[in-house]
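Student: See input.pdb below, with PDB, C-alpha atoms.
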ATOM      1  CA  MET A1407      75.212  57.117 197.769
ATOM      2  CA  SER A1408      76.837  53.796 197.106
ATOM      3  CA  VAL A1409      79.140  53.078 194.218
ATOM      4  CA  LYS A1410      77.368  52.946 190.862
ATOM      5  CA  ARG A1411      78.638  50.179 188.652
ATOM      6  CA  TYR A1412      78.300  49.789 184.891
ATOM      7  CA  ILE A1413      79.360  47.185 182.350
ATOM      8  CA  LYS A1414      79.211  46.686 178.598
ATOM      9  CA  LYS A1415      80.205  43.556 176.739
ATOM     10  CA  CYS A1416      81.709  44.447 173.381
ATOM     11  CA  GLU A1417      82.755  42.167 170.558
ATOM     12  CA  GLU A1418      86.020  40.813 172.035
ATOM     13  CA  PHE A1419      86.253  42.459 175.455
ATOM     14  CA  SER A1420      84.144  44.204 178.055
ATOM     15  CA  ILE A1421      84.366  47.610 179.700
ATOM     16  CA  CYS A1422      83.301  48.201 183.279
ATOM     17  CA  SER A1423      82.954  51.487 185.084
ATOM     18  CA  GLU A1424      82.584  52.535 188.703
ATOM     19  CA  VAL A1425      81.514  55.974 189.888
ATOM     20  CA  GLY A1426      81.352  57.402 193.405
ATOM     21  CA  ASP A1427      80.876  60.875 194.824
ATOM     22  CA  ARG A1428      83.062  60.874 197.927
ATOM     23  CA  ALA A1429      86.062  59.463 199.737
ATOM     24  CA  GLY A1430      85.821  56.230 201.667
ATOM     25  CA  LEU A1431      83.532  54.361 199.288
ATOM     26  CA  VAL A1432      84.404  50.699 198.986
ATOM     27  CA  PHE A1433      83.524  47.926 196.614
ATOM     28  CA  ALA A1434      84.791  44.377 196.349
ATOM     29  CA  GLU A1435      85.072  42.051 193.405
ATOM     30  CA  PRO A1436      85.168  38.270 193.768
ATOM     31  CA  ALA A1437      87.901  36.296 192.050
ATOM     32  CA  ASP A1438      85.548  34.576 189.620
ATOM     33  CA  GLU A1439      84.408  37.950 188.246
ATOM     34  CA  ARG A1440      87.834  39.578 188.187
ATOM     35  CA  ARG A1441      88.728  40.005 184.496
ATOM     36  CA  THR A1442      90.179  43.526 184.512
ATOM     37  CA  LEU A1443      93.507  43.786 182.695
ATOM     38  CA  TYR A1444      93.823  47.592 182.720
ATOM     39  CA  GLN A1445      92.299  50.321 184.882
ATOM     40  CA  ILE A1446      91.783  53.845 183.596
ATOM     41  CA  ALA A1447      91.021  56.696 186.015
ATOM     42  CA  VAL A1448      89.252  59.709 184.499
ATOM     43  CA  LYS A1449      88.383  61.409 187.783
ATOM     44  CA  GLY A1450      89.614  61.222 191.363
ATOM     45  CA  SER A1451      91.749  58.592 193.008
ATOM     46  CA  GLY A1452      91.686  55.492 195.139
ATOM     47  CA  ARG A1453      93.514  52.331 195.969
ATOM     48  CA  LEU A1454      93.087  48.673 195.070
ATOM     49  CA  SER A1455      94.299  45.637 196.947
ATOM     50  CA  ASN A1456      93.904  41.926 197.282
ATOM     51  CA  ILE A1457      91.501  41.250 200.093
ATOM     52  CA  PHE A1458      93.417  40.481 203.334
ATOM     53  CA  ASN A1459      96.590  42.003 201.905
ATOM     54  CA  SER A1460      98.097  45.190 203.344
ATOM     55  CA  GLU A1461      99.830  46.136 200.081
ATOM     56  CA  TYR A1462      97.827  48.180 197.605
ATOM     57  CA  GLN A1463      98.030  49.972 194.265
ATOM     58  CA  VAL A1464      97.026  53.618 193.838
ATOM     59  CA  GLY A1465      95.173  54.972 190.817
ATOM     60  CA  ASP A1466      94.838  58.710 190.238
ATOM     61  CA  ALA A1467      93.251  60.618 187.350
ATOM     62  CA  ASN A1468      95.900  63.298 187.830
ATOM     63  CA  GLY A1469      98.786  60.878 188.155
ATOM     64  CA  ILE A1470      98.846  57.168 187.457
ATOM     65  CA  ASN A1471      95.694  57.142 185.354
ATOM     66  CA  PHE A1472      96.444  53.975 183.375
ATOM     67  CA  SER A1473      97.542  50.842 185.206
ATOM     68  CA  SER A1474      97.961  47.175 184.468
ATOM     69  CA  MET A1475      95.787  45.061 186.744
ATOM     70  CA  LYS A1476      96.898  41.690 185.423
ATOM     71  CA  HIS A1477      98.461  40.674 188.735
ATOM     72  CA  TYR A1478      95.009  40.853 190.363
ATOM     73  CA  MET A1479      93.418  38.418 187.911
ATOM     74  CA  GLY A1480      91.710  35.547 189.671
ATOM     75  CA  GLN A1481      91.948  37.181 193.103
ATOM     76  CA  HIS A1482      89.417  38.761 195.423
ATOM     77  CA  THR A1483      89.997  42.522 195.322
ATOM     78  CA  ILE A1484      88.755  45.598 197.145
ATOM     79  CA  PHE A1485      88.787  49.273 196.095
ATOM     80  CA  GLU A1486      88.618  52.306 198.379
ATOM     81  CA  SER A1487      88.170  55.852 197.065
ATOM     82  CA  TYR A1488      90.307  58.762 198.275
ATOM     83  CA  GLU A1489      87.910  61.314 196.750
ATOM     84  CA  PRO A1490      85.013  61.413 194.235
ATOM     85  CA  PHE A1491      86.029  59.127 191.412
ATOM     86  CA  HIS A1492      85.212  57.731 187.987
ATOM     87  CA  ILE A1493      87.185  54.745 186.750
ATOM     88  CA  TYR A1494      86.985  52.345 183.836
ATOM     89  CA  GLY A1495      88.288  48.822 183.458
ATOM     90  CA  PHE A1496      89.265  46.990 180.284
ATOM     91  CA  ASN A1497      88.340  43.341 180.747
ATOM     92  CA  THR A1498      89.176  40.193 178.860
ATOM     93  CA  LEU A1499      86.229  37.914 178.146
ATOM     94  CA  ASN A1500      88.387  34.847 178.661
ATOM     95  CA  ALA A1501      90.791  34.577 181.579
ATOM     96  CA  ASN A1502      93.268  32.809 179.302
ATOM     97  CA  GLN A1503      93.282  35.575 176.693
ATOM     98  CA  ASP A1504      95.891  38.258 177.323
ATOM     99  CA  TRP A1505      95.828  41.777 175.886
ATOM    100  CA  ASP A1506      98.399  44.532 175.617
ATOM    101  CA  GLY A1507      97.100  47.996 176.445
ATOM    102  CA  ARG A1508      98.476  51.540 176.244
ATOM    103  CA  LEU A1509      97.369  55.112 176.103
ATOM    104  CA  ILE A1510      98.038  56.949 172.862
ATOM    105  CA  THR A1511      98.782  60.632 172.479
ATOM    106  CA  ASP A1512     100.177  60.810 168.945
ATOM    107  CA  SER A1513      99.558  59.330 165.532
ATOM    108  CA  PHE A1514     100.235  55.608 165.297
ATOM    109  CA  ASP A1515     100.041  52.539 163.054
ATOM    110  CA  GLY A1516      97.115  50.251 163.779
ATOM    111  CA  ASP A1517      96.524  46.574 163.136
ATOM    112  CA  ASP A1518      93.493  44.332 162.868
ATOM    113  CA  LYS A1519      94.043  42.776 166.307
ATOM    114  CA  SER A1520      93.534  46.065 168.110
ATOM    115  CA  TRP A1521      90.650  48.139 169.424
ATOM    116  CA  LEU A1522      90.666  51.822 170.283
ATOM    117  CA  ILE A1523      88.555  53.214 173.116
ATOM    118  CA  CYS A1524      87.987  56.862 174.041
ATOM    119  CA  PHE A1525      87.702  57.158 177.834
ATOM    120  CA  ASP A1526      87.468  60.927 178.094
ATOM    121  CA  GLY A1527      87.661  64.180 176.164
ATOM    122  CA  ARG A1528      86.971  64.849 172.520
ATOM    123  CA  PRO A1529      90.043  63.793 170.536
ATOM    124  CA  ILE A1530      90.048  63.842 166.740
ATOM    125  CA  ILE A1531      91.272  60.672 165.028
ATOM    126  CA  ASN A1532      91.407  60.416 161.244
ATOM    127  CA  GLY A1533      89.177  63.479 161.096
ATOM    128  CA  VAL A1534      86.500  61.999 163.370
ATOM    129  CA  GLU A1535      85.727  63.700 166.688
ATOM    130  CA  LEU A1536      85.295  61.018 169.346
ATOM    131  CA  ALA A1537      83.196  61.196 172.489
ATOM    132  CA  ARG A1538      83.584  59.368 175.766
ATOM    133  CA  MET A1539      82.974  55.620 175.308
ATOM    134  CA  ASP A1540      83.289  55.643 171.541
ATOM    135  CA  TYR A1541      85.247  52.630 170.362
ATOM    136  CA  SER A1542      86.514  51.253 167.107
ATOM    137  CA  LYS A1543      88.166  48.156 165.675
ATOM    138  CA  LEU A1544      91.412  49.170 164.064
ATOM    139  CA  GLU A1545      92.832  48.214 160.700
ATOM    140  CA  THR A1546      96.360  47.911 159.375
ATOM    141  CA  LYS A1547      96.830  51.563 158.536
ATOM    142  CA  ASN A1548      98.025  54.828 160.029
ATOM    143  CA  TYR A1549      95.807  56.748 162.416
ATOM    144  CA  ASP A1550      96.232  60.500 162.583
ATOM    145  CA  VAL A1551      95.650  61.655 166.151
ATOM    146  CA  ASP A1552      94.920  65.118 167.545
ATOM    147  CA  ILE A1553      94.555  64.083 171.174
ATOM    148  CA  LYS A1554      93.371  67.479 172.522
ATOM    149  CA  ASP A1555      91.994  66.728 176.013
ATOM    150  CA  GLY A1556      91.363  63.104 175.172
ATOM    151  CA  LEU A1557      92.185  59.964 177.114
ATOM    152  CA  VAL A1558      92.410  57.211 174.528
ATOM    153  CA  GLY A1559      93.530  53.615 174.920
ATOM    154  CA  VAL A1560      94.550  51.041 172.317
ATOM    155  CA  PHE A1561      94.244  47.388 173.279
ATOM    156  CA  THR A1562      95.801  44.579 171.247
ATOM    157  CA  LYS A1563      94.807  40.947 171.476
ATOM    158  CA  LEU A1564      97.921  38.846 171.960
ATOM    159  CA  ASP A1565      98.585  35.619 170.115
ATOM    160  CA  TYR A1566      99.498  33.556 173.106
ATOM    161  CA  VAL A1567      97.643  32.606 176.245
ATOM    162  CA  PHE A1568      98.986  32.951 179.778
TER
ATOM    163  CA  MET B 259      62.051  53.141 189.109
ATOM    164  CA  LYS B 260      62.140  56.139 186.761
ATOM    165  CA  ALA B 261      62.670  59.694 187.948
ATOM    166  CA  ILE B 262      62.126  63.112 186.423
ATOM    167  CA  PHE B 263      63.673  66.508 187.040
ATOM    168  CA  LYS B 264      62.861  70.057 186.021
ATOM    169  CA  ILE B 265      65.425  72.869 185.960
ATOM    170  CA  GLU B 266      63.657  75.969 187.258
ATOM    171  CA  GLU B 267      66.594  78.378 187.081
ATOM    172  CA  TYR B 268      70.009  78.509 185.430
ATOM    173  CA  LEU B 269      72.486  80.762 187.246
ATOM    174  CA  PRO B 270      75.814  80.785 185.357
ATOM    175  CA  GLU B 271      77.236  83.594 187.499
ATOM    176  CA  THR B 272      77.216  81.251 190.510
ATOM    177  CA  THR B 273      77.445  78.004 188.463
ATOM    178  CA  GLN B 274      74.155  76.853 189.936
ATOM    179  CA  ILE B 275      70.924  75.357 188.720
ATOM    180  CA  VAL B 276      67.692  75.184 190.688
ATOM    181  CA  VAL B 277      66.020  71.825 190.176
ATOM    182  CA  ARG B 278      62.930  69.894 191.223
ATOM    183  CA  PHE B 279      62.908  66.098 191.287
ATOM    184  CA  ALA B 280      60.126  63.540 191.406
ATOM    185  CA  ARG B 281      59.349  59.975 190.451
ATOM    186  CA  LEU B 282      57.867  59.578 186.984
ATOM    187  CA  HIS B 283      54.898  57.855 188.630
ATOM    188  CA  ALA B 284      54.651  60.353 191.496
ATOM    189  CA  PRO B 285      51.081  61.034 192.684
ATOM    190  CA  GLU B 286      51.595  64.823 192.480
ATOM    191  CA  SER B 287      52.837  67.228 189.816
ATOM    192  CA  ILE B 288      56.591  67.868 189.961
ATOM    193  CA  GLU B 289      55.704  71.489 190.819
ATOM    194  CA  LYS B 290      54.488  70.265 194.214
ATOM    195  CA  TYR B 291      57.898  68.943 195.208
ATOM    196  CA  ASN B 292      60.686  71.001 196.785
ATOM    197  CA  LYS B 293      63.328  72.618 194.610
ATOM    198  CA  VAL B 294      67.025  72.647 195.435
ATOM    199  CA  ALA B 295      70.017  74.702 194.264
ATOM    200  CA  ILE B 296      72.896  72.629 192.903
ATOM    201  CA  ASN B 297      76.402  73.714 191.945
ATOM    202  CA  TYR B 298      76.684  72.226 188.465
ATOM    203  CA  SER B 299      80.477  72.557 188.443
ATOM    204  CA  GLU B 300      80.435  69.444 190.630
ATOM    205  CA  LEU B 301      78.446  67.489 188.041
ATOM    206  CA  ASP B 302      79.680  65.627 184.993
ATOM    207  CA  CYS B 303      78.749  68.016 182.178
ATOM    208  CA  TYR B 304      80.537  66.038 179.461
ATOM    209  CA  ASP B 305      77.247  65.530 177.627
ATOM    210  CA  ALA B 306      73.524  65.220 178.382
ATOM    211  CA  ASP B 307      73.656  61.541 179.378
ATOM    212  CA  PHE B 308      76.513  61.978 181.827
ATOM    213  CA  PHE B 309      74.869  65.153 183.165
ATOM    214  CA  CYS B 310      71.610  63.344 183.926
ATOM    215  CA  LYS B 311      73.396  60.453 185.609
ATOM    216  CA  SER B 312      75.625  62.639 187.740
ATOM    217  CA  LEU B 313      72.713  64.947 188.670
ATOM    218  CA  MET B 314      70.720  61.971 189.895
ATOM    219  CA  ARG B 315      73.710  60.447 191.666
ATOM    220  CA  LYS B 316      74.581  63.713 193.371
ATOM    221  CA  VAL B 317      71.116  64.877 194.441
ATOM    222  CA  GLY B 318      68.207  63.322 192.588
ATOM    223  CA  ASP B 319      68.344  59.790 193.967
ATOM    224  CA  TYR B 320      68.330  61.144 197.516
ATOM    225  CA  MET B 321      65.490  63.623 196.863
ATOM    226  CA  VAL B 322      63.305  60.979 195.256
ATOM    227  CA  LYS B 323      63.983  58.585 198.110
ATOM    228  CA  LEU B 324      63.011  61.269 200.643
ATOM    229  CA  GLN B 325      59.759  61.922 198.782
ATOM    230  CA  GLU B 326      58.886  58.266 198.698
ATOM    231  CA  GLU B 327      59.577  57.814 202.397
ATOM    232  CA  SER B 328      57.419  60.837 203.305
ATOM    233  CA  GLU B 329      54.361  59.434 201.545
ATOM    234  CA  PRO B 330      51.631  57.828 203.650
ATOM    235  CA  ILE B 331      51.837  54.106 204.368
ATOM    236  CA  ASN B 332      48.665  52.348 203.326
ATOM    237  CA  ASN B 333      49.894  48.848 204.010
ATOM    238  CA  VAL B 334      50.718  47.963 207.598
ATOM    239  CA  ALA B 335      53.620  45.526 207.453
ATOM    240  CA  GLU B 336      55.709  43.572 209.901
ATOM    241  CA  THR B 337      59.314  42.442 209.804
ATOM    242  CA  ILE B 338      60.473  38.881 210.261
ATOM    243  CA  SER B 339      63.749  37.335 211.367
ATOM    244  CA  GLY B 340      65.161  34.046 212.570
ATOM    245  CA  GLU B 341      63.886  30.646 211.557
ATOM    246  CA  LEU B 342      61.717  30.579 208.455
ATOM    247  CA  ASN B 343      58.239  29.098 208.661
ATOM    248  CA  LEU B 344      56.483  29.663 205.362
ATOM    249  CA  ALA B 345      53.180  28.280 206.601
ATOM    250  CA  ASN B 346      53.063  30.919 209.338
ATOM    251  CA  LEU B 347      53.676  33.716 206.828
ATOM    252  CA  VAL B 348      50.603  33.029 204.722
ATOM    253  CA  GLY B 349      48.296  36.034 204.817
ATOM    254  CA  LYS B 350      50.808  38.321 206.533
ATOM    255  CA  THR B 351      52.271  41.482 204.972
ATOM    256  CA  ILE B 352      56.044  41.465 205.401
ATOM    257  CA  GLU B 353      58.358  44.488 205.089
ATOM    258  CA  CYS B 354      61.633  44.061 203.212
ATOM    259  CA  LYS B 355      64.169  46.128 201.293
ATOM    260  CA  ILE B 356      64.561  46.519 197.570
ATOM    261  CA  ASP B 357      68.245  46.228 196.712
ATOM    262  CA  ASN B 358      69.578  47.110 193.325
ATOM    263  CA  ASN B 359      73.061  45.677 193.164
ATOM    264  CA  ARG B 360      72.921  44.982 189.473
ATOM    265  CA  ARG B 361      75.418  46.608 187.209
ATOM    266  CA  GLU B 362      73.802  49.010 184.802
ATOM    267  CA  LYS B 363      74.564  48.905 181.111
ATOM    268  CA  LEU B 364      77.453  51.158 180.107
ATOM    269  CA  MET B 365      76.497  53.092 177.004
ATOM    270  CA  MET B 366      79.137  52.758 174.278
ATOM    271  CA  ARG B 367      79.137  53.562 170.584
ATOM    272  CA  ARG B 368      81.082  51.676 167.934
ATOM    273  CA  ILE B 369      82.460  53.936 165.228
ATOM    274  CA  GLU B 370      84.584  53.597 162.100
ATOM    275  CA  LEU B 371      87.825  55.532 161.859
TER
END
Spit out the file's structure as structure tokens when you get a sec.
Tutor:
Amino acid sequence: MSVKRYIKKCEEFSICSEVGDRAGLVFAEPADERRTLYQIAVKGSGRLSNIFNSEYQVGDANGINFSSMKHYMGQHTIFESYEPFHIYGFNTLNANQDWDGRLITDSFDGDDKSWLICFDGRPIINGVELARMDYSKLETKNYDVDIKDGLVGVFTKLDYVF
Amino acid sequence: MKAIFKIEEYLPETTQIVVRFARLHAPESIEKYNKVAINYSELDCYDADFFCKSLMRKVGDYMVKLQEESEPINNVAETISGELNLANLVGKTIECKIDNNRREKLMMRRIEL
């Protein structure tokens, strides 16, 4: 099979996903479509590089499963899988709008510029059990987190543009 | 194109399921198509949606494609290449590929916390 690709435009960002069932699968992304700020690996591993560049960045669900991809913005990129894989990308809708992203594992204070996305597992947050691809706009309050087997990201819209 | 599958057997002791696949618009009943044993530990069993997608990615897409290619060809077609001459193509049946490079919609659910 070839790589299956998915995308969803949400209110202030978009989420893309790529899935493949073996090593050696490749997909490219042209510079004018490259909006991924963070990559999240939930299964498998692979590497990403600028096209025509010998240096690359490795992503691995069992290692570096959350990576900033900001340095690839506006560049042609290519991904090659090392094994069956499932990755997500957090994308800005506007190339001039920066976001800060992080994985959370414990309770935290939210704010109204942030969004929470569950990428895997069934964590419980404020008493609500989340499923994969559940997302929520946060408020200025505390969020009680029982992460369990979850992989949860919080992304905050920054005030400035780059 | 829409596909269908039918699980004939569930074998938890060997983590296998036995499944038949067909196109929704297949000319025959799904019972007429071959069944195949699949190790479901290699599938994404997170929930029903991910299961269906990974089952089709792993086996179903290929099985359905095989079925389609084994069906009789009622339309004799020819391939073309090189310089295009639309006037010469009028009345001819031309073979080409169907590519689906579109990104599918990622299913997400907004919730309140």
Student: Provide as a list of chain:residue names the residues of chain B at most 6 Å from chain A, counting only C-alpha atoms.
Tutor: B:Arg361, B:Glu362, B:Lys363, B:Leu364, B:Met366, B:Arg367, B:Arg368, B:Ile369, B:Glu370
Student: With a distance cut-off of 12 Å and only C-alpha atoms, select the neighbouring residues of His1477 in chain A, excluding the residue or stretch itself and same-chain residues fewer than 5 positions from it, and output the selection as a ChimeraX atom specification.
Tutor: /A:1437,1440-1444,1454-1456,1462-1463,1482-1483,1504,1568
Student: Determine the residue membership of the PyMOL selection byres ((chain A and resi 1564) around 8) for the file above and supply it as a PyMOL selection string.
Tutor: chain A and resi 1503-1506+1519+1562-1563+1565-1567
Student: If I take CA of Glu1486 in chain A and CA of Cys310 in chain B, how far is one from the other in Å, to one decimal?
Tutor: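 Those two atoms sit 24.9 Å apart.
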Student: For each of A:Arg1428, A:Arg1508, A:Lys1554, A:Arg1453, take the minimum atom-to-atom distance to Ser1474 in chain A, counting all atoms listed in the file, then give the residue where this is smallest.
Tutor: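 Closest to Ser1474 in chain A, using all atoms listed in the file: A:Arg1508.
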Student: For the point (73.7, 75.8, 190.7) in the file's frame, write as a list in words all residues with an atom no more than 10 Å away, counting only C-alpha atoms.
Tutor: Ile265, Glu267, Tyr268, Leu269, Pro270, Glu271, Thr272, Thr273, Gln274, Ile275, Val276, Val277, Val294, Ala295, Ile296, Asn297, Tyr298, Ser299, Glu300 and Leu301 of chain B
Student: Convert the output of the PyMOL selection byres ((chain B and resi 262) around 9) on the shown file into explicit residues, formatted as a PyMOL selection string.
Tutor: chain B and resi 260-261+263-264+278-282+288+318
Student: Quick one, how far is CA of Ala335 in chain B from CA of Cys354 in chain B?
Tutor: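 Taking CA of Ala335 in chain B and CA of Cys354 in chain B, their separation equals 9.2 Å.
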Student: Could you work out how far CA of Ser328 in chain B lies from CA of Pro285 in chain B, giving the answer in Å with one decimal?
Tutor: 12.4 Å
Student: Measuring between only C-alpha atoms, which one of B:Glu286, B:Asp307, B:Glu266, B:Glu353 shows the shortest distance to Gln325 in chain B?
Tutor: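 Among the listed residues, B:Glu286 lies closest to Gln325 in chain B.
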Student: For the point (97.4, 54.7, 190.3) in the file's frame, write as a list in words all residues with an atom no more than 9 Å away, counting all atoms listed in the file.
Tutor: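 Result, sorted by chain then residue number: Gln1445, Ile1446, Ala1447, Ser1451, Gly1452, Arg1453, Leu1454, Gln1463, Val1464, Gly1465, Asp1466, Ala1467, Gly1469, Ile1470, Asn1471, Phe1472 and Ser1473 of chain A.
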Student: Here's the selection I'm unsure about, the PyMOL selection byres ((chain B and resi 350) around 12); applied to the file above, which residues does it give, as a PyMOL selection string?
Tutor: chain B and resi 333-338+344-349+351-353
Student: Of the candidates B:Lys293, B:Leu371, B:His283, B:Lys311, which shows the shortest atom-to-atom distance to Glu326 in chain B, using all atoms listed in the file?
Tutor: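 Using all atoms listed in the file, Glu326 in chain B sits closest to B:His283.
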Student: Rank A:Gly1516, A:Gly1450, A:Gly1430, A:Pro1436 by their smallest atom-to-atom distance to Tyr1494 in chain A, using all atoms listed in the file, and report the top residue only.
Tutor: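 Nearest candidate to Tyr1494 in chain A out of A:Gly1516, A:Gly1450, A:Gly1430, A:Pro1436: A:Gly1450.
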Student: Compare B:Met259, B:Tyr304, B:Glu289, B:Asp319 by their minimum atom-to-atom distance to Val1448 in chain A, counting only C-alpha atoms, and give me the closest one.
Tutor: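 Going through B:Met259, B:Tyr304, B:Glu289, B:Asp319 one by one, the smallest distance to Val1448 in chain A is for B:Tyr304.
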Student: With all atoms listed in the file as the atoms that count, which of A:Met1479, A:Glu1435, A:Val1560, A:Phe1485 lies nearest to Trp1521 in chain A?
Tutor: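 The answer is A:Val1560, which sits nearest to Trp1521 in chain A.
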